[in-house]
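Text of upload-v8.tsv (TSV, C-alpha atoms and all ligand atoms) as supplied:
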chain	number	residue	atom	x	y	z
J	1	MET	CA	78.45	-0.84	16.70
J	2	THR	CA	79.27	-3.65	19.16
J	3	VAL	CA	77.03	-6.61	19.99
J	4	LEU	CA	76.17	-5.05	23.35
J	5	GLU	CA	75.32	-1.68	21.80
J	6	ALA	CA	73.16	-3.34	19.17
J	7	ILE	CA	71.28	-5.27	21.87
J	8	GLN	CA	70.72	-2.23	24.06
J	9	LYS	CA	69.58	0.04	21.24
J	10	SER	CA	67.28	-2.52	19.68
J	11	ALA	CA	65.77	-3.57	23.01
J	12	GLU	CA	64.85	0.08	23.65
J	13	PHE	CA	63.30	0.30	20.19
J	14	LEU	CA	61.23	-2.87	20.70
J	15	ALA	CA	60.14	-1.69	24.16
J	16	LYS	CA	58.75	1.49	22.56
J	17	LYS	CA	56.84	-0.71	20.11
J	18	ASN	CA	55.26	-2.56	23.08
J	19	VAL	CA	56.93	-5.85	22.23
J	20	GLU	CA	56.94	-8.19	25.23
J	21	SER	CA	60.37	-9.15	26.67
J	22	PRO	CA	62.20	-6.73	24.32
J	23	ARG	CA	65.72	-7.58	25.51
J	24	LEU	CA	65.18	-11.33	25.13
J	25	GLN	CA	63.59	-10.86	21.70
J	26	THR	CA	66.53	-8.71	20.59
J	27	GLU	CA	69.05	-11.28	21.77
J	28	LEU	CA	67.20	-14.08	20.01
J	29	LEU	CA	67.17	-12.12	16.74
J	30	LEU	CA	70.87	-11.31	16.98
J	31	ALA	CA	71.78	-14.88	17.92
J	32	HIS	CA	69.81	-16.05	14.87
J	33	LEU	CA	71.61	-13.58	12.61
J	34	LEU	CA	75.06	-14.43	13.95
J	35	LYS	CA	74.22	-18.17	13.99
J	36	MET	CA	75.26	-18.64	17.59
J	37	PRO	CA	73.45	-19.79	20.75
J	38	ARG	CA	71.99	-16.77	22.59
J	39	MET	CA	74.24	-17.34	25.62
J	40	LYS	CA	77.30	-17.00	23.40
J	41	LEU	CA	76.36	-13.38	22.72
J	42	TYR	CA	77.39	-12.71	26.31
J	43	LEU	CA	80.95	-13.77	25.51
J	44	ASN	CA	80.94	-11.51	22.45
J	45	PHE	CA	79.60	-8.21	23.81
J	46	GLU	CA	82.63	-6.29	22.53
J	47	ARG	CA	82.59	-7.87	19.05
J	48	ALA	CA	81.96	-5.26	16.35
J	49	LEU	CA	79.13	-5.96	13.90
J	50	SER	CA	80.12	-5.54	10.25
J	51	PRO	CA	78.12	-3.02	8.18
J	52	THR	CA	76.35	-5.94	6.46
J	53	GLU	CA	75.46	-7.52	9.81
J	54	THR	CA	74.27	-4.16	11.15
J	55	ASP	CA	71.96	-3.62	8.16
J	56	ALA	CA	70.60	-7.16	8.34
J	57	PHE	CA	70.00	-6.85	12.09
J	58	ARG	CA	68.20	-3.53	11.65
J	59	GLU	CA	65.89	-5.19	9.15
J	60	LEU	CA	65.07	-8.06	11.56
J	61	VAL	CA	64.44	-5.67	14.45
J	62	LYS	CA	62.26	-3.49	12.23
J	63	ARG	CA	60.10	-6.50	11.37
J	64	ARG	CA	59.75	-7.44	15.03
J	65	GLY	CA	58.88	-3.80	15.79
J	66	GLN	CA	56.04	-4.18	13.31
J	67	ARG	CA	54.92	-7.01	15.61
J	68	GLU	CA	55.74	-9.86	13.24
J	69	PRO	CA	56.19	-12.92	15.48
J	70	LEU	CA	59.79	-13.88	16.20
J	71	GLN	CA	59.11	-17.39	14.88
J	72	TYR	CA	58.13	-16.10	11.42
J	73	ILE	CA	61.24	-13.91	11.31
J	74	VAL	CA	63.63	-16.71	12.24
J	75	GLY	CA	61.54	-19.20	10.20
J	76	SER	CA	61.14	-21.97	12.76
J	77	THR	CA	60.24	-22.90	16.30
J	78	SER	CA	60.75	-25.80	18.66
J	79	PHE	CA	57.80	-28.08	19.45
J	80	CYS	CA	58.36	-30.90	21.95
J	81	GLY	CA	62.04	-30.52	21.07
J	82	PHE	CA	61.49	-30.94	17.30
J	83	GLU	CA	62.32	-28.19	14.85
J	84	ILE	CA	59.17	-27.04	13.03
J	85	LEU	CA	59.35	-24.58	10.15
J	86	VAL	CA	56.69	-21.89	10.29
J	87	ASN	CA	55.23	-19.50	7.76
J	88	ARG	CA	52.13	-17.34	7.27
J	89	HIS	CA	50.06	-20.37	6.19
J	90	ALA	CA	49.99	-22.09	9.58
J	91	LEU	CA	49.52	-21.21	13.22
J	92	VAL	CA	52.80	-20.80	15.12
J	93	PRO	CA	52.80	-23.90	17.38
J	94	ARG	CA	52.07	-22.92	21.00
J	95	SER	CA	53.61	-24.40	24.12
J	96	GLU	CA	50.14	-25.41	25.48
J	97	THR	CA	49.74	-27.68	22.46
J	98	GLU	CA	52.83	-29.62	23.54
J	99	LEU	CA	50.66	-30.93	26.39
J	100	LEU	CA	48.11	-32.25	23.90
J	101	ALA	CA	50.86	-34.04	21.96
J	102	GLU	CA	52.18	-35.46	25.24
J	103	GLU	CA	48.75	-36.77	26.24
J	104	GLY	CA	48.59	-38.34	22.79
J	105	TRP	CA	51.85	-40.23	23.02
J	106	LYS	CA	51.12	-41.32	26.62
J	107	PHE	CA	47.94	-42.99	25.30
J	108	PHE	CA	49.79	-44.38	22.29
J	109	GLY	CA	52.73	-46.04	24.06
J	110	LYS	CA	54.45	-48.55	21.81
J	111	ASN	CA	51.16	-49.80	20.38
J	112	LYS	CA	50.27	-50.01	16.72
J	113	THR	CA	47.91	-47.11	17.04
J	114	THR	CA	46.21	-45.14	14.27
J	115	VAL	CA	45.71	-41.46	14.91
J	116	LEU	CA	43.93	-38.61	13.22
J	117	ASP	CA	45.34	-35.10	13.71
J	118	PHE	CA	42.40	-32.92	12.67
J	119	GLY	CA	43.57	-29.45	11.51
J	120	THR	CA	47.27	-30.22	11.48
J	121	GLY	CA	48.56	-26.74	10.50
J	122	SER	CA	52.37	-26.88	10.61
J	123	GLY	CA	52.08	-30.61	11.35
J	124	CYS	CA	53.55	-30.16	14.83
J	125	ILE	CA	51.26	-32.60	16.71
J	126	ALA	CA	51.32	-35.27	13.99
J	127	ILE	CA	55.11	-35.10	13.79
J	128	ALA	CA	55.65	-35.26	17.56
J	129	LEU	CA	53.36	-38.32	17.73
J	130	ALA	CA	55.04	-40.00	14.77
J	131	VAL	CA	58.52	-39.54	16.27
J	132	LYS	CA	57.50	-40.62	19.77
J	133	CYS	CA	55.43	-43.59	18.61
J	134	PRO	CA	57.42	-45.50	16.02
J	135	ASN	CA	54.65	-48.11	15.58
J	136	GLY	CA	51.95	-45.56	14.97
J	137	LYS	CA	50.26	-44.55	11.75
J	138	ILE	CA	49.04	-40.99	11.52
J	139	VAL	CA	46.60	-39.23	9.26
J	140	ALA	CA	46.81	-35.43	9.30
J	141	THR	CA	44.11	-33.28	7.72
J	142	ASP	CA	43.68	-29.60	7.04
J	143	ILE	CA	41.45	-27.41	4.91
J	144	SER	CA	44.48	-25.36	3.82
J	145	PRO	CA	46.65	-26.85	1.04
J	146	ASP	CA	49.41	-24.35	1.96
J	147	ALA	CA	49.43	-25.48	5.59
J	148	LEU	CA	49.60	-29.11	4.42
J	149	ALA	CA	52.57	-28.30	2.16
J	150	LEU	CA	54.38	-26.89	5.19
J	151	ALA	CA	53.36	-29.87	7.35
J	152	LYS	CA	54.75	-32.27	4.73
J	153	GLU	CA	58.02	-30.39	4.62
J	154	ASN	CA	58.24	-30.52	8.42
J	155	ALA	CA	57.50	-34.26	8.42
J	156	GLY	CA	60.33	-34.78	5.91
J	157	ARG	CA	62.77	-32.73	7.98
J	158	ASN	CA	61.90	-34.81	11.05
J	159	ASN	CA	62.18	-38.10	9.11
J	160	VAL	CA	58.58	-39.23	9.63
J	161	ALA	CA	57.08	-38.37	6.24
J	162	GLU	CA	56.43	-42.02	5.37
J	163	ARG	CA	54.28	-42.57	8.50
J	164	ILE	CA	52.00	-39.56	8.10
J	165	GLU	CA	49.32	-39.40	5.44
J	166	PHE	CA	48.32	-35.82	4.68
J	167	LEU	CA	44.78	-35.22	3.45
J	168	GLN	CA	43.24	-31.94	2.39
J	169	GLY	CA	39.57	-31.25	2.95
J	170	ASN	CA	36.86	-29.55	4.95
J	171	GLY	CA	36.41	-31.28	8.31
J	172	PHE	CA	35.75	-35.03	8.17
J	173	ALA	CA	35.09	-34.84	4.42
J	174	ALA	CA	38.88	-35.15	4.01
J	175	LEU	CA	38.58	-38.80	5.13
J	176	SER	CA	37.13	-41.84	3.41
J	177	ALA	CA	33.92	-42.87	5.18
J	178	ASP	CA	35.40	-46.16	6.44
J	179	SER	CA	38.47	-44.63	8.16
J	180	LYS	CA	38.82	-45.66	11.82
J	181	PHE	CA	41.23	-44.34	14.45
J	182	ASP	CA	42.30	-45.30	17.96
J	183	LEU	CA	42.83	-41.64	18.73
J	184	ILE	CA	41.64	-38.35	17.30
J	185	VAL	CA	43.60	-35.29	18.40
J	186	SER	CA	42.76	-31.74	17.48
J	187	ASN	CA	43.67	-28.19	18.30
J	188	PRO	CA	40.93	-26.58	16.23
J	189	PRO	CA	40.34	-22.84	15.74
J	190	TYR	CA	38.63	-21.60	18.91
J	191	ILE	CA	38.64	-17.81	19.00
J	192	PRO	CA	35.17	-16.22	18.79
J	193	SER	CA	35.12	-14.34	15.44
J	194	ALA	CA	34.54	-10.90	16.98
J	195	GLU	CA	37.44	-11.34	19.44
J	196	ILE	CA	40.06	-11.77	16.73
J	197	GLU	CA	40.33	-8.00	16.29
J	198	THR	CA	41.15	-7.62	20.00
J	199	LEU	CA	44.10	-10.05	20.00
J	200	GLN	CA	47.71	-8.91	20.13
J	201	PRO	CA	49.05	-7.88	16.69
J	202	GLU	CA	51.38	-10.89	16.49
J	203	VAL	CA	48.33	-13.17	16.41
J	204	ARG	CA	45.68	-10.91	14.84
J	205	ASP	CA	47.80	-9.76	11.90
J	206	PHE	CA	49.99	-12.80	11.25
J	207	ASP	CA	48.41	-16.14	12.21
J	208	PRO	CA	46.05	-17.29	9.42
J	209	ARG	CA	42.45	-16.40	10.15
J	210	ALA	CA	41.34	-19.95	9.31
J	211	ALA	CA	43.56	-21.16	12.16
J	212	LEU	CA	41.94	-18.82	14.68
J	213	ASP	CA	38.28	-18.34	13.83
J	214	GLY	CA	36.03	-20.68	15.78
J	215	GLY	CA	32.78	-19.02	14.68
J	216	ALA	CA	30.52	-16.65	16.62
J	217	ASP	CA	31.12	-18.22	20.06
J	218	GLY	CA	34.43	-19.94	19.26
J	219	LEU	CA	32.89	-23.39	19.70
J	220	GLU	CA	31.89	-24.27	16.15
J	221	PHE	CA	34.62	-26.88	15.64
J	222	TYR	CA	33.87	-28.66	18.92
J	223	ARG	CA	30.24	-29.03	17.87
J	224	LEU	CA	31.38	-30.41	14.53
J	225	ILE	CA	33.91	-32.81	16.07
J	226	ALA	CA	31.56	-34.00	18.84
J	227	ALA	CA	28.76	-34.61	16.31
J	228	GLN	CA	30.80	-36.17	13.49
J	229	ALA	CA	33.86	-37.90	14.98
J	230	GLY	CA	31.99	-40.93	16.41
J	231	PRO	CA	31.96	-43.14	13.30
J	232	PHE	CA	35.70	-42.57	12.84
J	233	ILE	CA	36.65	-43.85	16.32
J	234	LYS	CA	37.48	-47.52	16.96
J	235	THR	CA	35.95	-49.27	19.96
J	236	GLY	CA	37.94	-48.18	23.01
J	237	GLY	CA	39.31	-45.19	21.13
J	238	LYS	CA	39.63	-41.68	22.48
J	239	ILE	CA	39.38	-38.10	21.43
J	240	MET	CA	41.62	-35.33	22.78
J	241	VAL	CA	40.93	-31.69	22.00
J	242	GLU	CA	42.64	-28.50	23.04
J	243	PHE	CA	40.46	-25.46	23.76
J	244	GLY	CA	40.79	-21.86	24.92
J	245	ASP	CA	40.97	-20.57	28.47
J	246	GLY	CA	37.44	-20.39	29.92
J	247	GLN	CA	35.83	-22.76	27.41
J	248	ALA	CA	36.06	-25.97	29.48
J	249	GLU	CA	32.47	-26.18	30.73
J	250	ALA	CA	30.91	-25.30	27.37
J	251	ILE	CA	33.04	-27.92	25.64
J	252	ARG	CA	32.31	-30.60	28.22
J	253	LYS	CA	28.60	-29.97	27.64
J	254	ILE	CA	28.97	-30.11	23.84
J	255	PHE	CA	30.66	-33.53	24.07
J	256	GLU	CA	28.31	-34.90	26.73
J	257	ASP	CA	25.28	-33.81	24.69
J	258	GLU	CA	26.65	-35.96	21.84
J	259	LYS	CA	26.98	-38.97	24.23
J	260	TRP	CA	30.74	-38.79	24.73
J	261	ILE	CA	32.05	-39.80	28.16
J	262	VAL	CA	34.39	-37.08	29.36
J	263	GLU	CA	37.29	-38.90	31.02
J	264	ALA	CA	39.50	-35.98	31.96
J	265	VAL	CA	40.04	-32.26	31.60
J	266	LYS	CA	43.75	-31.39	31.81
J	267	GLU	CA	45.32	-28.11	32.79
J	268	ASP	CA	48.24	-26.25	31.26
J	269	TYR	CA	51.31	-25.02	33.18
J	270	SER	CA	49.32	-22.01	34.41
J	271	GLN	CA	46.62	-24.29	35.89
J	272	ARG	CA	44.10	-23.38	33.21
J	273	ALA	CA	41.87	-26.17	31.87
J	274	ARG	CA	42.96	-26.66	28.23
J	275	ILE	CA	42.50	-30.28	27.11
J	276	LEU	CA	39.43	-32.53	27.13
J	277	ILE	CA	39.78	-36.28	26.80
J	278	ALA	CA	36.67	-38.27	25.94
J	279	SER	CA	35.58	-41.67	24.67
J	280	LEU	CA	32.33	-43.14	23.45
J	281	ASN	CA	32.21	-46.23	25.62
J	282	GLY	CA	34.41	-45.49	28.62
B	301	LIG	C1	44.45	-23.70	15.66
B	301	LIG	S1	45.17	-24.28	14.15
B	301	LIG	C2	46.09	-25.66	14.79
B	301	LIG	C3	47.27	-26.05	13.95
B	301	LIG	C4	48.16	-27.12	14.61
B	301	LIG	N1	47.44	-28.36	14.82
B	301	LIG	C5	48.70	-26.62	15.94
B	301	LIG	O1	48.23	-27.10	16.98
B	301	LIG	O2	49.56	-25.73	15.94
B	301	LIG	C6	43.75	-25.04	13.38
B	301	LIG	C7	43.97	-25.63	12.01
B	301	LIG	O3	42.69	-26.09	11.54
B	301	LIG	C8	42.60	-25.84	10.15
B	301	LIG	N2	41.18	-25.76	9.77
B	301	LIG	C9	40.35	-24.69	9.83
B	301	LIG	N3	39.14	-24.99	9.37
B	301	LIG	C10	39.18	-26.30	9.00
B	301	LIG	C11	38.22	-27.19	8.45
B	301	LIG	N4	36.96	-26.80	8.18
B	301	LIG	N5	38.60	-28.46	8.18
B	301	LIG	C12	39.87	-28.86	8.45
B	301	LIG	N6	40.83	-28.07	8.97
B	301	LIG	C13	40.48	-26.80	9.25
B	301	LIG	C14	43.35	-24.53	9.94
B	301	LIG	O4	43.77	-24.40	8.60
B	301	LIG	C15	44.50	-24.67	10.95
B	301	LIG	O5	45.65	-25.21	10.33

Can you turn what I pasted into structure tokens?
Ligand SMILES: C[S@@+](CC[C@H](N)C(=O)[O-])C[C@H]1O[C@@H](n2cnc3c(N)ncnc32)[C@H](O)[C@@H]1O
Amino acid sequence: MTVLEAIQKSAEFLAKKNVESPRLQTELLLAHLLKMPRMKLYLNFERALSPTETDAFRELVKRRGQREPLQYIVGSTSFCGFEILVNRHALVPRSETELLAEEGWKFFGKNKTTVLDFGTGSGCIAIALAVKCPNGKIVATDISPDALALAKENAGRNNVAERIEFLQGNGFAALSADSKFDLIVSNPPYIPSAEIETLQPEVRDFDPRAALDGGADGLEFYRLIAAQAGPFIKTGGKIMVEFGDGQAEAIRKIFEDEKWIVEAVKEDYSQRARILIASLNG
């Protein structure tokens, strides 16, 4: 079988399995297997796959057909241009979250800032901030020891392990009571519990439930953060949280009810409100 035949056949198979962008997904899997940039496949359409390559490719395509996310199959993803390993213990970093990291490093600048990344998962936000802000000190927390192990590995691979302190624990209990930060960032779980079953299989069956489940109305973590983050913020400090499409007004109210001053609500690339920035004293 040639490269082109393998792509065509597998794209048809993935289309039947209702995988989005089946041709692109097929090409990405084959490029991963053959260790070449996807565009280079186009110069190799007539190349014959060896029997070993054919078997290995079939296996990858089968997994994708079972709706396993591409990122888990290839083992990594890019976040703000940094390579982040992914596995079943952490949410696959999403492109919307890159905006949160960007807001974070815009606030940071070159200052000696201290940041808390609450619910770090793969460590993507903490790592992007640590790389972009060489004078910053970052604390990254998560309830999941397995997610933290992955985050630590990612920090090491991106050469920022010594500037991120990883702490395991439930919510703010992971921190010592006297910890203070210039910035708290978080992309907490925000899917209403009952909606998880309705999500696409890639998310429902593969992302860890603890990374998705935001309680009955999806807002549990915002209530917790709005109520408990205050003592951990330095004077003049800020909080930045990502939230789901359609949650903006509810989240604004949750923060305002806890006396936060909402400074901005930022939109993603599809013009959907996704990030709230607030402070305690303007
Ligand atoms: C939506 S994921 C975000 C992961 C990562 N920050 C990102 O943006 O890709 C939320 C993370 O919060 C963690 N988490 C869930 N409940 C928690 C709790 N009670 N305390 C601390 N972390 C929690 C989950 O384990 C998960 O890694």

(request) Kindly give the distance, in Å, that separates atom CA of Thr120 of chain J and atom CA of Thr198 of chain J, rounded to a single decimal. (result)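 Separating atom CA of Thr120 of chain J from atom CA of Thr198 of chain J is a distance of 24.9 Å.
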
(request) Compute the set of protein, DNA and RNA residues whose minimum atom distance to ligand LIG 301 (chain B) is at most 8 Å, using all atoms listed in the file, and state it as a PyMOL selection string. (result) chain J and resi 89-94+97+117-126+141-144+147+168-172+174+186-190+208+210-213+221

(message) When you count only C-alpha atoms, which of these residues is closest to Leu30 of chain J: J:Leu60, J:Leu43, J:Ile191, J:Ile251?
(response)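 Among J:Leu60, J:Leu43, J:Ile191, J:Ile251, it is J:Leu60 that comes nearest to Leu30 of chain J.
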
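Between atom CA of Glu162 of chain J and atom CA of Val139 of chain J lies a distance of 10.9 Å.
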
(request) Excluding Leu33 of chain J and residues on its chain fewer than 5 positions from it, collect all residues at most 9 Å away from it, counting all atoms listed in the file, and give them as a ChimeraX atom specification. (result) /J:28,53,56-57,60,74

Hey, what's within 12 Å of Met39 of chain J if we count all atoms listed in the file and toss same-chain stuff fewer than 3 positions away? As a short mmCIF file (atom, residue, chain, number, x, y, z; two decimals) with C-alpha atoms, keeping the file's coordinate frame, please?
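That gives us around.cif:
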data_model
loop_
_atom_site.label_atom_id
_atom_site.label_comp_id
_atom_site.auth_asym_id
_atom_site.auth_seq_id
_atom_site.Cartn_x
_atom_site.Cartn_y
_atom_site.Cartn_z
CA LEU J 24 65.18 -11.33 25.13
CA GLU J 27 69.05 -11.28 21.77
CA LEU J 28 67.20 -14.08 20.01
CA LEU J 30 70.87 -11.31 16.98
CA ALA J 31 71.78 -14.88 17.92
CA HIS J 32 69.81 -16.05 14.87
CA LYS J 35 74.22 -18.17 13.99
CA MET J 36 75.26 -18.64 17.59
CA TYR J 42 77.39 -12.71 26.31
CA LEU J 43 80.95 -13.77 25.51
CA ASN J 44 80.94 -11.51 22.45
CA PHE J 45 79.60 -8.21 23.81
#
